[in-house]
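Heads up: the structure comes next, in structure tokens.
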Amino acid sequence: MNVSYRWLSDYIDVSGIEPEGLAEKLTRGGIEIDAVRSRNLGVSKVVVGYVKTREKHPDADKLNVCTVDAGQGEDLQIVCGAPNVAAGQKVPVALIGAKLPGGLEIKRAKLRGVESQGMICSARELGINDKLLPKELQEGILVLPPDAAVGADAVHLLGLDDHVLELDLTPNRSDCLSLLGVAHEVSALTGRPVKLPQPERDLIEGADKTADRVSVTVQEPELCPIYSARYIRGVKIGPSPLWMQNRLIAAGIRPISNIVDITNYVMLEYGQPLHAFDAAKVAGGHIEVRLAREGETLETLDGQVRKLDPRMLVIADAEKAIALAGVMGGANSEVAPDTTEIILESAKFDGGVVRKTSRQLGLRSEASARFEKEVDPGRVAAALDRAADLMVRYAGGHAAKGAATAVAEIPVPAVIDLALSRANGLLGTELSALEVQTLLARLGFHAESAKDGLWRVTVPTRRGDIRREVDLIEEVARLHGYDEIPTTPIEGPTTTGALTTAQAIRRELRTTLTRAGLSEAISYSVTSPERASMFAELAQGARPIALAMPMSEERSVLRTTMLPGLLEAAAYNLSRKNGDVALLEIGSVYHTQEESLTRLPHEKPRLSILLAGHLRPAGWNRKAEPVDFYDAKGLLEAAFARLGMGELVDYEAASPDGFHPGRTAAVKLRAGHGSETIGYVGQLHPELQRAFDLPDAFAAEIELAPVYESANRRILYRTLPKFPSAERDLAVVVDDAVTGGALTEAVRKAAGELLESVSVFDVYAGERLGQGRKSVALAMVYRHADRTLTDEEVADVHSRVLAELEQSFGAELRK
Amino acid sequence: MKERLEALRREALDRLEAVADAAALNDLRVEYLGKKGKLTEILRGMGGLSAEERPVIGQVANDVRAAIEEVLANKQEAFDRAETARRLRAETIDVTLPGKAPAIGSLHPLTKVQEEIEDIFLGMGYQIAEGPEVETDYFNFEALNLPKNHPARDMQDSFYITDEILLRTHTSPVQVRTMQAANGKTPVKIICPGKVYRRDDDDATHSFMFQQIEGLVVGPNIRMSDLKGTLLQFVREMYGPQMQIRLRPSFFPFTEPGAEVDVTCAKCGGHGCRMCKHTGWIEILGCGMVHPKVLEHGGYDPTEVSGFAFGMGIERIALLKYEIDDIRHFYSNDLRFLKQFAKM
């Protein structure tokens, strides 16, 4: 809503309050002003001129030489290129020395050898939004009304000596979608009274009766509680007065004709949308408010043929629909240049039905925007009278006596109890009864004091947003000023804040992995159906959940796995020459088995990591090692170790979708009696790497819920060893298929409790060992808790280990 | 014999004086003091001396030996020092070349900001609550006093999945979920961070997915002044003790009274700059007293308890804090962007 400061001053005295100051007051009071614009963007010394003659320029086809009386004593010779300039017009003339928006200054000039003593201006040159003007005025000069006084200041005449306040209204304050509503708000903020127009006093009616010309039937009183129409005859369609056009333009509304402009003007004034029908096109003079019929169509004023359905409310005559109630009029009853009789409509349509219709048809209008938020039923009649009065004054019309009205519900103001104690209790203030009483009075709310500190407040219908005591308390608070509310600490028992286990674990995972060189990514939770089905095992058979109205195919379903997001991020970075990618993400995937959701899906928290390139860059003294499977696995091991659950996790060769079948492990968690797969770590499948244009990339995705269960944050001290250990190495040659994990496991079993640790420290395959064979070197540490082991004891257990390896794996001791 | 010893001393000292390296020094040591050295050779003649002469000559011989040894030791030490110095010189490295730093990654800037906010409220005794991102229409709208077809739903264009299920448009549904779970107990003091979704075209200031932190306090006698006190404390812990807040009346269907909160522009300290559009204030959050209907949906009697709630966009806080020019950077996962946040 754009509010003209000058127009507003018709209804309330704003003297002494500059536009900026008014904006600040309104904003601090809760009506946010986005911007205050001066309508004058830098125009000076532009006056009204009378074009006496127009001759063709002797040397330029497209230029005209005009003689203009601009009230300067002598006529001016002005060269003008506009196609529409003509003798007999009143036009805005920028005199020598005039300034125009954009810093243009008018100087004496010669155009193709002919002197020009000024410039005839177009609307755009004067800084007026000419999109709101008819096409011929956009392409040429602005033609002023014939009664404009020669020599008069065009800035004033065009209403440019004005400011526009741009209101950013919250949906509850639709009362301020009108000049009068804003005036009431200013009144509440300043204590100055509102001057209402008095159409009921001003309107002069004829002897003929509306009731004889128009009949109204409302079939859906719930959707249209009030409908009122007037009959106005003898109108002469033409332009509306310039001041009215100026105000409409200031509000951002296109002037069209006196009748249409008046309906718009009164809509802006009262917040009550009106519609004018050409009475000659309303069959039988009958207005019927009904639901649209199945298959019914209506061409709306914007030239579109609309398919209607029985959930939409229409205005119909005896034969056909003639308007979409509250949204837009129909072309079949439109006011045209030859229209002489008008049926003027003012009504309250249900916000819900207007909203639904307007959404369904994708058709929004100034009217629908107001009806949607419920117009003030108390203004339906006044706005109708006001528009009728203006049509009498500015369109030569004669208003028939009275209105044809169908009222199902007489608007009654809400009456709400307000207790001082509750206001002060909720706000933390110590307002007195007198203060509250004064604030209510400024709002124009009638407050009857039942007893001390208790009121029955009558809220005018214009403030439909106020329904409860808290709403009144808010009014009191905002007028009193939020700044005046004190600042206090919460009273009551102290509470402790702490992270839940899950929250602490997520923080720990982020910390561990970022310290290991990974950067945290956050990807979109929505993706394409193709990406949602990229990793079948990780998706666990979930059906991707589709958005009903996605913005694009790329973001049309909820992710079922995390990795596609990181793949995308890796590809993004590689294409920008960020060759070393090390990312982690913690987020949710969304799983359901349902085809169409009837209950909420499972949101599963997951950790994902992705490595490509190098984890550490090369330096002057160090080569960069390309990342491999063991980097990715090592990160998981470190993370699980930090969570005190390293011992519970096993890695088993696996070949899930999307991963390299020979370089991937299922991550298995031993919990309770069994072992469950909680994710995978491995190289991405070469085909997938190719599809994303990635080098060898290693990734993991881990389900976090089981991790939350198994993490063990408890630390228990273990006695330090008192006796020395004995260290022995062993290298055995085995088949390629024998895994390091199997060997160390066998060592553990064979060695028993004397073994403190076993680890693989070298793996070697070479021709000397023969095809399909490899050498695995193991380092064992033996120790007894209570004494020093003898060489014989160590040799004994060590040979048991070797025997076990020989027996179970056909291992040969490597010499 | 005494003369021979004195001559030996002179000769040895002269030659030692001229010695230039450790090897030559060692040769001289052997030549004069060794088992077959010159001093020994002279002393072999001691057998022919009288009993009176013997101690006298013995004394002279000891003096000569001591004198030579002292010079030898001094020389040796000088050579050692020179040798050490030479070796150290040879070991000199270029300390200006880069070190071998471990790889250091970075937390996402949104995580950093979220954790910072969380930590402040944890310190103020709040719990961190979480709720689903895929939400029911009831929790996302209805229970927050936004019935179907309410015009205020236009404030948040939503991604629906079915008529009744959608991606949450704000973290506020966690309010009602938490209240219902509290089962009438007070006080409730939570913040809830999380992702939210709105059907917005992405541009420099809009992202269809973004993150919020919501706060909720419910208890007997919770006042709007408590809300102001809480927000002031938060803002000062977040930005510094000189910060001020300013509440402007505003509207959220789930609060009444409702307000938007401006804080002193941290960039200019409130004097006015480009960032705050020369107002000295930056809008960072919305808040208000919990609407009675919302309390009712949460299972509380609004005549018995009251509450306040507030919410802020984490992106907005991060944009302001790091002076980032485009919200889309947060979700591009560009490492050149992410790595800028590797600092503590």
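Within each chain, counting starts at residue 1; across the structure tokens, chains are named A, B, ... in the order shown, with ligands numbered 1 upward in that order.
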Subject >> Counting only C-alpha atoms, chain B residues within 6 Å of chain A, as a PyMOL selection string >> reply: chain B and resi 103-108+122+125-127+152+160-161+223-226+228-229+247-250+257+331+333-334
Original post:
What's the 8 Å shell around range 206-210 of chain B, counting only C-alpha atoms, without same-chain residues fewer than 3 positions away, as a ChimeraX atom specification?
Top reply: /A:524 /B:195-203,313-315,327-328
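The space between CA of Val218 in chain A and CA of Pro273 in chain A spans 18.1 Å.
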**OP:** Could you please determine the separation between CA of Val707 in chain A and CA of Ala182 in chain B in Å, to one decimal place?
**Re:**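 According to the coordinates, CA of Val707 in chain A and CA of Ala182 in chain B are separated by 26.5 Å.
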Original post:
What residues in range 471-594 of chain A get the DSSP label strand (DSSP E or B)? Please answer as a PyMOL selection string.
Top reply: chain A and resi 519-520+526-527+546+557-558+581-591
Subject >> Residues within 10 Å of Glu296 in chain B, only C-alpha atoms, excluding chain neighbours under 4 positions, as a list of chain:residue names >> reply: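 That gives B:Ala143, B:Leu144, B:Val176, B:Met179, B:Gln180, B:His291, B:Pro292, B:Tyr300, B:Asp301, B:Pro302, B:Thr303.
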Hey, can you spit out that residue selection with N, CA and C atoms as a PDB file, in the first residue's frame?
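See out-v1.pdb below for the written result:
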```
ATOM      1  N   ALA B 143      -1.843 -25.378  14.733  1.00  0.00           N
ATOM      2  CA  ALA B 143      -1.581 -25.239  16.168  1.00  0.00           C
ATOM      3  C   ALA B 143      -0.912 -23.913  16.483  1.00  0.00           C
ATOM      4  N   LEU B 144      -0.437 -23.236  15.433  1.00  0.00           N
ATOM      5  CA  LEU B 144       0.201 -21.935  15.631  1.00  0.00           C
ATOM      6  C   LEU B 144      -0.753 -20.802  15.267  1.00  0.00           C
ATOM      7  N   VAL B 176       5.054 -26.225  19.782  1.00  0.00           N
ATOM      8  CA  VAL B 176       3.877 -26.966  20.243  1.00  0.00           C
ATOM      9  C   VAL B 176       4.249 -28.404  20.580  1.00  0.00           C
ATOM     10  N   MET B 179       5.792 -28.318  23.978  1.00  0.00           N
ATOM     11  CA  MET B 179       4.796 -28.077  25.028  1.00  0.00           C
ATOM     12  C   MET B 179       3.975 -29.333  25.273  1.00  0.00           C
ATOM     13  N   GLN B 180       3.559 -29.982  24.180  1.00  0.00           N
ATOM     14  CA  GLN B 180       2.753 -31.194  24.372  1.00  0.00           C
ATOM     15  C   GLN B 180       3.553 -32.264  25.106  1.00  0.00           C
ATOM     16  N   HIS B 291       0.838 -16.728  21.794  1.00  0.00           N
ATOM     17  CA  HIS B 291      -0.601 -16.493  21.646  1.00  0.00           C
ATOM     18  C   HIS B 291      -1.378 -17.501  22.502  1.00  0.00           C
ATOM     19  N   PRO B 292      -2.433 -17.039  23.147  1.00  0.00           N
ATOM     20  CA  PRO B 292      -3.203 -17.968  24.007  1.00  0.00           C
ATOM     21  C   PRO B 292      -3.631 -19.247  23.279  1.00  0.00           C
ATOM     22  N   TYR B 300      -1.685 -26.059  27.657  1.00  0.00           N
ATOM     23  CA  TYR B 300      -1.634 -25.172  28.826  1.00  0.00           C
ATOM     24  C   TYR B 300      -2.877 -24.292  28.877  1.00  0.00           C
ATOM     25  N   ASP B 301      -3.188 -23.860  30.064  1.00  0.00           N
ATOM     26  CA  ASP B 301      -4.297 -22.937  30.264  1.00  0.00           C
ATOM     27  C   ASP B 301      -3.721 -21.514  30.248  1.00  0.00           C
ATOM     28  N   PRO B 302      -4.076 -20.740  29.236  1.00  0.00           N
ATOM     29  CA  PRO B 302      -3.449 -19.414  29.100  1.00  0.00           C
ATOM     30  C   PRO B 302      -3.788 -18.458  30.252  1.00  0.00           C
ATOM     31  N   THR B 303      -4.749 -18.827  31.078  1.00  0.00           N
ATOM     32  CA  THR B 303      -4.976 -17.969  32.234  1.00  0.00           C
ATOM     33  C   THR B 303      -4.031 -18.339  33.379  1.00  0.00           C
TER      34      THR B 303
END
```
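The interatomic distance for the pair CA of Val235 in chain B and CA of Leu320 in chain B works out to 13.5 Å.
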Original post:
Got a sec to tell me which of range 11-193 of chain B DSSP assigns to alpha helix (DSSP H), as an MDAnalysis selection string?
Top reply: chainID B and resid 11:18 22:33 38:43 53:90 109:123 137:140 173:182
Subject >> Given only C-alpha atoms as the counted atoms, nearest of A:Ala250, A:Ile702, A:Phe692, A:His398 to Thr561 in chain A >> reply: A:Ile702
Subject >> Arg44 in chain B surroundings by only C-alpha atoms, 12 Å radius, close-in-sequence under 2 positions cut, as a PyMOL selection string >> reply: chain B and resi 1+35-42+46-49+54+57-58+61
Could you save those same residues with N, CA, C and O atoms as a PDB file, in the first residue's frame?
```pdb
ATOM      1  N   MET B   1     120.587 -31.276  31.820  1.00  0.00           N
ATOM      2  CA  MET B   1     119.271 -31.889  31.574  1.00  0.00           C
ATOM      3  C   MET B   1     118.139 -30.879  31.716  1.00  0.00           C
ATOM      4  O   MET B   1     117.179 -30.867  30.945  1.00  0.00           O
ATOM      5  N   LYS B  35     103.967 -41.857  24.603  1.00  0.00           N
ATOM      6  CA  LYS B  35     104.820 -42.821  25.310  1.00  0.00           C
ATOM      7  C   LYS B  35     106.233 -42.843  24.761  1.00  0.00           C
ATOM      8  O   LYS B  35     107.216 -43.114  25.464  1.00  0.00           O
ATOM      9  N   LYS B  36     106.308 -42.590  23.424  1.00  0.00           N
ATOM     10  CA  LYS B  36     107.642 -42.556  22.836  1.00  0.00           C
ATOM     11  C   LYS B  36     108.015 -41.123  22.514  1.00  0.00           C
ATOM     12  O   LYS B  36     108.859 -40.850  21.664  1.00  0.00           O
ATOM     13  N   GLY B  37     107.353 -40.164  23.174  1.00  0.00           N
ATOM     14  CA  GLY B  37     107.559 -38.739  22.873  1.00  0.00           C
ATOM     15  C   GLY B  37     108.875 -38.212  23.433  1.00  0.00           C
ATOM     16  O   GLY B  37     109.607 -38.901  24.149  1.00  0.00           O
ATOM     17  N   LYS B  38     109.067 -36.958  23.052  1.00  0.00           N
ATOM     18  CA  LYS B  38     110.359 -36.346  23.379  1.00  0.00           C
ATOM     19  C   LYS B  38     110.547 -36.148  24.877  1.00  0.00           C
ATOM     20  O   LYS B  38     111.648 -36.310  25.414  1.00  0.00           O
ATOM     21  N   LEU B  39     109.487 -35.796  25.549  1.00  0.00           N
ATOM     22  CA  LEU B  39     109.616 -35.577  26.993  1.00  0.00           C
ATOM     23  C   LEU B  39     110.004 -36.896  27.682  1.00  0.00           C
ATOM     24  O   LEU B  39     110.905 -36.926  28.512  1.00  0.00           O
ATOM     25  N   THR B  40     109.355 -37.953  27.297  1.00  0.00           N
ATOM     26  CA  THR B  40     109.658 -39.260  27.870  1.00  0.00           C
ATOM     27  C   THR B  40     111.114 -39.620  27.616  1.00  0.00           C
ATOM     28  O   THR B  40     111.827 -40.142  28.491  1.00  0.00           O
ATOM     29  N   GLU B  41     111.490 -39.310  26.373  1.00  0.00           N
ATOM     30  CA  GLU B  41     112.859 -39.655  25.985  1.00  0.00           C
ATOM     31  C   GLU B  41     113.875 -38.974  26.912  1.00  0.00           C
ATOM     32  O   GLU B  41     114.820 -39.613  27.408  1.00  0.00           O
ATOM     33  N   ILE B  42     113.628 -37.661  27.208  1.00  0.00           N
ATOM     34  CA  ILE B  42     114.550 -36.934  28.089  1.00  0.00           C
ATOM     35  C   ILE B  42     114.509 -37.545  29.488  1.00  0.00           C
ATOM     36  O   ILE B  42     115.553 -37.775  30.120  1.00  0.00           O
ATOM     37  N   MET B  46     116.874 -39.704  33.484  1.00  0.00           N
ATOM     38  CA  MET B  46     116.770 -39.351  34.901  1.00  0.00           C
ATOM     39  C   MET B  46     117.548 -40.333  35.786  1.00  0.00           C
ATOM     40  O   MET B  46     118.025 -39.982  36.865  1.00  0.00           O
ATOM     41  N   GLY B  47     117.642 -41.600  35.228  1.00  0.00           N
ATOM     42  CA  GLY B  47     118.318 -42.637  36.009  1.00  0.00           C
ATOM     43  C   GLY B  47     119.757 -42.238  36.380  1.00  0.00           C
ATOM     44  O   GLY B  47     120.281 -42.605  37.423  1.00  0.00           O
ATOM     45  N   GLY B  48     120.367 -41.429  35.554  1.00  0.00           N
ATOM     46  CA  GLY B  48     121.741 -41.039  35.807  1.00  0.00           C
ATOM     47  C   GLY B  48     121.876 -39.834  36.714  1.00  0.00           C
ATOM     48  O   GLY B  48     122.990 -39.366  36.951  1.00  0.00           O
ATOM     49  N   LEU B  49     120.832 -39.382  37.294  1.00  0.00           N
ATOM     50  CA  LEU B  49     120.909 -38.172  38.134  1.00  0.00           C
ATOM     51  C   LEU B  49     121.144 -38.532  39.592  1.00  0.00           C
ATOM     52  O   LEU B  49     120.774 -39.610  40.051  1.00  0.00           O
ATOM     53  N   ARG B  54     117.398 -35.242  41.372  1.00  0.00           N
ATOM     54  CA  ARG B  54     116.200 -35.916  40.845  1.00  0.00           C
ATOM     55  C   ARG B  54     114.879 -35.173  41.125  1.00  0.00           C
ATOM     56  O   ARG B  54     114.144 -34.886  40.165  1.00  0.00           O
ATOM     57  N   ILE B  57     114.815 -31.881  39.057  1.00  0.00           N
ATOM     58  CA  ILE B  57     114.566 -32.086  37.620  1.00  0.00           C
ATOM     59  C   ILE B  57     113.139 -32.596  37.423  1.00  0.00           C
ATOM     60  O   ILE B  57     112.429 -32.204  36.488  1.00  0.00           O
ATOM     61  N   GLY B  58     112.721 -33.480  38.341  1.00  0.00           N
ATOM     62  CA  GLY B  58     111.335 -34.000  38.267  1.00  0.00           C
ATOM     63  C   GLY B  58     110.346 -32.854  38.272  1.00  0.00           C
ATOM     64  O   GLY B  58     109.387 -32.832  37.493  1.00  0.00           O
ATOM     65  N   ALA B  61     110.474 -31.134  34.971  1.00  0.00           N
ATOM     66  CA  ALA B  61     109.799 -31.939  33.941  1.00  0.00           C
ATOM     67  C   ALA B  61     108.275 -31.828  34.069  1.00  0.00           C
ATOM     68  O   ALA B  61     107.560 -31.686  33.073  1.00  0.00           O
TER      69      ALA B  61
END
```
Original post:
Which residues, written as a list in words, have at least one atom at most 12 Å from Arg316 in chain B, with only C-alpha atoms counted and residues fewer than 4 positions away on the same chain left out?
Top reply: Pro109, Leu110, Val113, Gln114, Ala204, Thr205, His206, Ser207, Phe210, Gln211, Gln212, Ile213, Ile282, Glu283, Ile284, Leu285, Gly311, Met312, Leu320, Lys321, Tyr322, Glu323, Ile324, Asp325, Asp326, Ile327, Arg328 and Phe330 of chain B
